[in-house]
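K.L.:
Sending over a structure as structure tokens; questions will come in a sec.
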Amino acid sequence: MAHLRSRRRLALAVPVVLSLTASLGFLPGVASAAPATAPTVTAADGPNLSYVVNTRAGHRTVASVKKAIAAAGGSVVIAYEQIGVIVVHSADPDFGRRIRAARGVQSAGATRTAPLAPAGTTDEGAAQVLSAGEAARLAEAAAPGEEPLEADQWDLRAIGADKAAAVNPGSRKVTVAVIDVGVDDTHPDIAPNFSPSQSANCVGGKPDTTYGSWRPVDADHYHGTHVAGEIAAARNGVGVAGVAPGVKVSGITVAEPDSTQLFYPESVVCAFVFAADHGVEITNNSYYVDPWLYNCTDDPDQKAIVDAVNRAQLYAQRRGTLNVAAAGNSNDDLDADALTDASSPDDSTPTTRTVDPHRCLDIPTQLPGVVTVASTGVKGTKSYFSSYGKGVIDVAAPGGDRYQIPDTPSQNGRILSTLPNNTYGFLQGTSMATPHVAGVAALLKSAHPWASPAQLQILLKAQADNPGCPSEPYDGNGDGVVDATCEGGRHVNGFYGFGIVNALRAVK
């Protein structure tokens, strides 16, 4: 599985998902003084790669750069004139250098290191699926008024979401878009709240709104369905409940349909723009953008990726969309002076490099205005896998932890939610924490419909409960080794940011 926030380093026996966030200014592009067009070239015989070309927004400038793209041996897939991002394919190995020299181009680079290839699905393994017998036994333990499987949803009780549903389950005027591997809207827990008109398939960078295009290609692409259920599974007497069971949820597919499930930049750009243009209030981003775990802006390709995705997510913010993202599952200190990245690029041959997370960014989580989410377990402490960092983490939420065992019928410390084909299963990761925050943000938006993304983020932080840094050295997996160091005080710190979100406080 490629890059769900659990995909970071799947540190678990079951599939997990991904995400992250910090503060970064919009990276300015530097326009070249080179001629607007160059002599027409014939594309060399090289790998057919995808690129993002970034220029000034507006029809006239984009049209001029399109001509330069053609002259440099590229073909335009789609141009997002409103943000000045153009998705391009080219088999010319010199295309990047040529187009960066064209007048009006502020940054440009390849979005992958492996050639474009026909999609194919392979068996990727299964999640920890709840069997029919286990589900039946669990339903017997449900209390009056609970959903049949709710007894195992310790996470809802941890943030008061079970009680919040009785006060305000959320408004039908609020939609959370799950930018992910696809959402199975036929699932009986998701169908009542699903919004087809705000859903699409953005793989490749161009939205496909054909009915059902947002669905996962197979049962192994389960991550988005699990996330959608965590946010808005209906309280309808079936299965589980979501944090905000009264709001709408949509699906925007960005993951490659093969077994890698990679989230390439052009697909994510498409998703942010589509969500913004279709009235989505909140996006859930439980992934990091491939192929680089950290994108270093001194590299022209990686700089172009940061620039393009940042333009798209800032556009969404300007249109009223709050973007929520996972911090990742590497147990990395995102405020450290240096980190080791041994997984990039993940679409070809990775190499080990040392990066400064202040200059080499995990996106979209470290982009400006994005809510960065860390994960906690049933004890309310940081999950052993969750990345952290003072000044980087905004809030935390239940994402599961197999070392923190709840007093529930299944005694499973992971998060139970929906899976494709009318099934249910457990997952853990910052991918699971992020939809809890997106759900609470949806409740806040329901209670404060005129709140801007910036105001929603303030409200999220204000209602959170902060346990403070642990008094003892942090040993997440109990092996006697200190795994992470929490910096900060009672109100703001590197493990929990401003605190663990509280759904009940949000609706009150």
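Residues are referred to by chain and number: the chain letter is A, B, ... according to the order shown in the structure tokens, the number counts from 1 in that chain, and ligands are numbered separately from 1 in the order shown.
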Extract, using only C-alpha atoms, all DNA, RNA and protein residues at most 6 Å from segment 179-194 of chain A, discarding same-chain residues fewer than 4 positions from it, and format them as a list of chain:residue names.
P.N.:
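With the cut-off at 6 Å, the set is A:Trp214, A:Arg215, A:Pro216, A:His221, A:Gly224, A:Thr225, A:Ala233, A:Ala234, A:Lys248, A:Val249, A:Ser250, A:Gly251, A:Ile252, A:Thr253, A:Val254, A:Ala255, A:Asn285, A:Pro420, A:Asn422.
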K.L.:
Generate the output file for the selected residues, C-alpha atoms, as a PDB file, in the first residue's frame.
P.N.:
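Written file, out02.pdb:
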ATOM      1  CA  TRP A 214     -15.044   7.441  -7.033  1.00  0.00           C
ATOM      2  CA  ARG A 215     -15.488   3.850  -5.903  1.00  0.00           C
ATOM      3  CA  PRO A 216     -12.459   1.678  -5.007  1.00  0.00           C
ATOM      4  CA  HIS A 221      -8.454  -0.311  -1.769  1.00  0.00           C
ATOM      5  CA  GLY A 224     -10.996   5.592   1.948  1.00  0.00           C
ATOM      6  CA  THR A 225     -14.091   3.620   2.889  1.00  0.00           C
ATOM      7  CA  ALA A 233     -21.301   6.546   9.213  1.00  0.00           C
ATOM      8  CA  ALA A 234     -25.047   7.021   9.779  1.00  0.00           C
ATOM      9  CA  LYS A 248     -22.491  14.513   4.186  1.00  0.00           C
ATOM     10  CA  VAL A 249     -19.375  12.773   2.942  1.00  0.00           C
ATOM     11  CA  SER A 250     -17.967  12.564  -0.585  1.00  0.00           C
ATOM     12  CA  GLY A 251     -15.135  10.641  -2.211  1.00  0.00           C
ATOM     13  CA  ILE A 252     -12.380  12.022  -4.436  1.00  0.00           C
ATOM     14  CA  THR A 253     -10.112   9.234  -5.657  1.00  0.00           C
ATOM     15  CA  VAL A 254      -6.454  10.151  -6.093  1.00  0.00           C
ATOM     16  CA  ALA A 255      -4.615   6.853  -5.555  1.00  0.00           C
ATOM     17  CA  ASN A 285      -6.134  13.960   3.745  1.00  0.00           C
ATOM     18  CA  PRO A 420     -15.917  -2.157   1.059  1.00  0.00           C
ATOM     19  CA  ASN A 422     -20.631  -4.157   3.406  1.00  0.00           C
TER      20      ASN A 422
END
K.L.:
With only C-alpha atoms as the counted atoms, please give the residues lying no more than 9 Å from Lys379 of chain A, apart from itself and same-chain residues fewer than 2 positions off, as an mmCIF file with N, CA, C and O atoms, in the first residue's frame.
P.N.:
data_model
loop_
_atom_site.group_PDB
_atom_site.id
_atom_site.type_symbol
_atom_site.label_atom_id
_atom_site.label_comp_id
_atom_site.auth_asym_id
_atom_site.auth_seq_id
_atom_site.Cartn_x
_atom_site.Cartn_y
_atom_site.Cartn_z
ATOM 1 N N ALA A 158 -14.123 8.251 23.661
ATOM 2 C CA ALA A 158 -12.931 8.982 24.109
ATOM 3 C C ALA A 158 -13.030 10.474 23.826
ATOM 4 O O ALA A 158 -12.458 11.287 24.565
ATOM 5 N N THR A 376 -3.581 9.275 18.930
ATOM 6 C CA THR A 376 -3.555 8.782 20.304
ATOM 7 C C THR A 376 -4.238 7.422 20.388
ATOM 8 O O THR A 376 -5.017 7.039 19.515
ATOM 9 N N GLY A 377 -3.948 6.694 21.485
ATOM 10 C CA GLY A 377 -4.590 5.418 21.749
ATOM 11 C C GLY A 377 -5.652 5.558 22.822
ATOM 12 O O GLY A 377 -5.986 6.665 23.269
ATOM 13 N N THR A 381 -2.755 8.697 25.307
ATOM 14 C CA THR A 381 -1.359 9.058 25.082
ATOM 15 C C THR A 381 -0.998 8.859 23.613
ATOM 16 O O THR A 381 -1.692 8.158 22.870
ATOM 17 N N LYS A 382 0.117 9.461 23.204
ATOM 18 C CA LYS A 382 0.542 9.378 21.808
ATOM 19 C C LYS A 382 0.659 7.931 21.341
ATOM 20 O O LYS A 382 1.190 7.074 22.053
ATOM 21 N N GLN A 404 -2.047 -0.227 23.362
ATOM 22 C CA GLN A 404 -2.989 0.325 24.345
ATOM 23 C C GLN A 404 -4.312 -0.435 24.181
ATOM 24 O O GLN A 404 -5.023 -0.234 23.198
ATOM 25 N N ILE A 405 -4.628 -1.297 25.124
ATOM 26 C CA ILE A 405 -5.746 -2.237 24.985
ATOM 27 C C ILE A 405 -6.980 -1.703 25.703
ATOM 28 O O ILE A 405 -6.946 -1.434 26.907
ATOM 29 N N PRO A 406 -8.106 -1.560 24.999
ATOM 30 C CA PRO A 406 -9.325 -1.038 25.622
ATOM 31 C C PRO A 406 -10.140 -2.132 26.307
ATOM 32 O O PRO A 406 -10.000 -3.321 26.008
#
K.L.:
Just give me the gap between atom CA of Ala442 of chain A and atom CA of Gln317 of chain A in Å, one decimal is fine.
P.N.:
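The value is 15.1 Å.
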K.L.:
With a distance cut-off of 7 Å and only C-alpha atoms, select the neighbouring residues of Cys270 of chain A, excluding the residue or stretch itself and same-chain residues fewer than 4 positions from it, and output the selection as a list of chain:residue names.
P.N.:
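Here the answer would be A:Cys202, A:Gly205, A:Lys206, A:Pro207, A:Glu266, A:Phe274.
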K.L.:
Let's have the selection written as an mmCIF file, in the first residue's frame, with N, CA and C atoms.
P.N.:
data_model
loop_
_atom_site.group_PDB
_atom_site.id
_atom_site.type_symbol
_atom_site.label_atom_id
_atom_site.label_comp_id
_atom_site.auth_asym_id
_atom_site.auth_seq_id
_atom_site.Cartn_x
_atom_site.Cartn_y
_atom_site.Cartn_z
ATOM 1 N N CYS A 202 -9.900 11.672 -9.578
ATOM 2 C CA CYS A 202 -8.901 12.642 -10.029
ATOM 3 C C CYS A 202 -7.578 12.000 -10.419
ATOM 4 N N GLY A 205 -4.815 13.624 -12.698
ATOM 5 C CA GLY A 205 -4.865 15.074 -12.670
ATOM 6 C C GLY A 205 -6.084 15.707 -13.288
ATOM 7 N N LYS A 206 -6.962 14.917 -13.881
ATOM 8 C CA LYS A 206 -8.147 15.463 -14.542
ATOM 9 C C LYS A 206 -9.384 14.790 -13.963
ATOM 10 N N PRO A 207 -10.381 15.552 -13.474
ATOM 11 C CA PRO A 207 -11.517 14.928 -12.783
ATOM 12 C C PRO A 207 -12.445 14.158 -13.716
ATOM 13 N N GLU A 266 -0.204 15.481 -9.232
ATOM 14 C CA GLU A 266 -1.209 16.011 -10.147
ATOM 15 C C GLU A 266 -2.618 15.578 -9.752
ATOM 16 N N PHE A 274 -11.094 20.485 -7.259
ATOM 17 C CA PHE A 274 -12.450 19.953 -7.426
ATOM 18 C C PHE A 274 -13.271 20.177 -6.158
#
K.L.:
With distances taken over only C-alpha atoms, which of A:Gly468, A:Pro435, A:Pro449, A:Pro115 is nearest to Thr283 of chain A?
P.N.:
A:Pro435
K.L.:
Find the residue from A:Asn493, A:Gln128, A:Thr351, A:Gln198 that sits nearest to Gly391 of chain A; use only C-alpha atoms when measuring.
P.N.:
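Residue with the minimum atom-to-atom distance to Gly391 of chain A: A:Asn493.
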K.L.:
Could you tell me which of A:Glu230, A:Asp92, A:Asp298, A:Glu81 comes closest to Thr418 of chain A if we count only C-alpha atoms?
P.N.:
A:Glu230
K.L.:
Apply DSSP to the backbone of this structure and, from segment 296-386 of chain A, keep only the residues in strand (DSSP E); write these as number ranges by chain.
P.N.:
A: 296, 322-326, 339-344, 351-355, 360-361, 371-376
K.L.:
For a quick check of understanding, using only C-alpha atoms, which of A:Arg56, A:Arg157, A:Lys303, A:Lys508 has the smallest distance to Arg103 of chain A?
P.N.:
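Among the listed residues, A:Arg56 lies closest to Arg103 of chain A.
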K.L.:
Among segment 97-180 of chain A, which ones does DSSP assign to alpha helix (DSSP H) (computed from the backbone)? Answer as a list of chain:residue names.
P.N.:
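Those residues are A:Arg97, A:Arg98, A:Ile99, A:Arg100, A:Ala132, A:Gly133, A:Glu134, A:Ala135, A:Ala136, A:Arg137, A:Leu138, A:Ala139, A:Glu140, A:Trp154, A:Asp155, A:Leu156, A:Arg157, A:Ala158, A:Ala161, A:Asp162, A:Lys163, A:Ala164, A:Ala165, A:Ala166, A:Val167.
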K.L.:
Which one is closest to Gly478 of chain A: A:Asp208, A:Ser383, A:Ala219, A:Pro398? Count only C-alpha atoms.
P.N.:
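So, comparing all the options, the nearest one is A:Ser383.
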K.L.:
Where does segment 386-477 of chain A meet segment 482-491 of chain A within 12 Å, residue by residue, with the nearest atom pair and distance in Å to one decimal for each, counting only C-alpha atoms, listed by chain and rising number, as a Markdown table?
P.N.:
| residue | atom | partner | partner_atom | distance |
| --- | --- | --- | --- | --- |
| A:Ser386 | CA | A:Ala484 | CA | 9.9 |
| A:Ser387 | CA | A:Ala484 | CA | 9.2 |
| A:Tyr388 | CA | A:Cys486 | CA | 8.3 |
| A:Gly389 | CA | A:Glu487 | CA | 7.8 |
| A:Lys390 | CA | A:Glu487 | CA | 6.2 |
| A:Gly391 | CA | A:Gly488 | CA | 9.0 |
| A:Val392 | CA | A:Glu487 | CA | 11.5 |
| A:Ile393 | CA | A:Gly488 | CA | 11.5 |
| A:Asp394 | CA | A:His491 | CA | 11.4 |
| A:Val395 | CA | A:His491 | CA | 11.1 |
| A:Lys461 | CA | A:His491 | CA | 10.0 |
| A:Ala462 | CA | A:His491 | CA | 10.1 |
| A:Gln463 | CA | A:His491 | CA | 11.7 |
| A:Ala464 | CA | A:His491 | CA | 9.7 |
| A:Asp465 | CA | A:His491 | CA | 8.7 |
| A:Asn466 | CA | A:His491 | CA | 6.1 |
| A:Pro467 | CA | A:Arg490 | CA | 6.9 |
| A:Gly468 | CA | A:Arg490 | CA | 4.3 |
| A:Cys469 | CA | A:Cys486 | CA | 5.7 |
| A:Pro470 | CA | A:Cys486 | CA | 7.4 |
| A:Ser471 | CA | A:Cys486 | CA | 9.7 |
| A:Glu472 | CA | A:Val482 | CA | 9.7 |
| A:Pro473 | CA | A:Val482 | CA | 6.1 |
| A:Tyr474 | CA | A:Val482 | CA | 5.4 |
| A:Asp475 | CA | A:Val482 | CA | 4.8 |
| A:Gly476 | CA | A:Asp483 | CA | 6.4 |
| A:Asn477 | CA | A:Asp483 | CA | 8.2 |
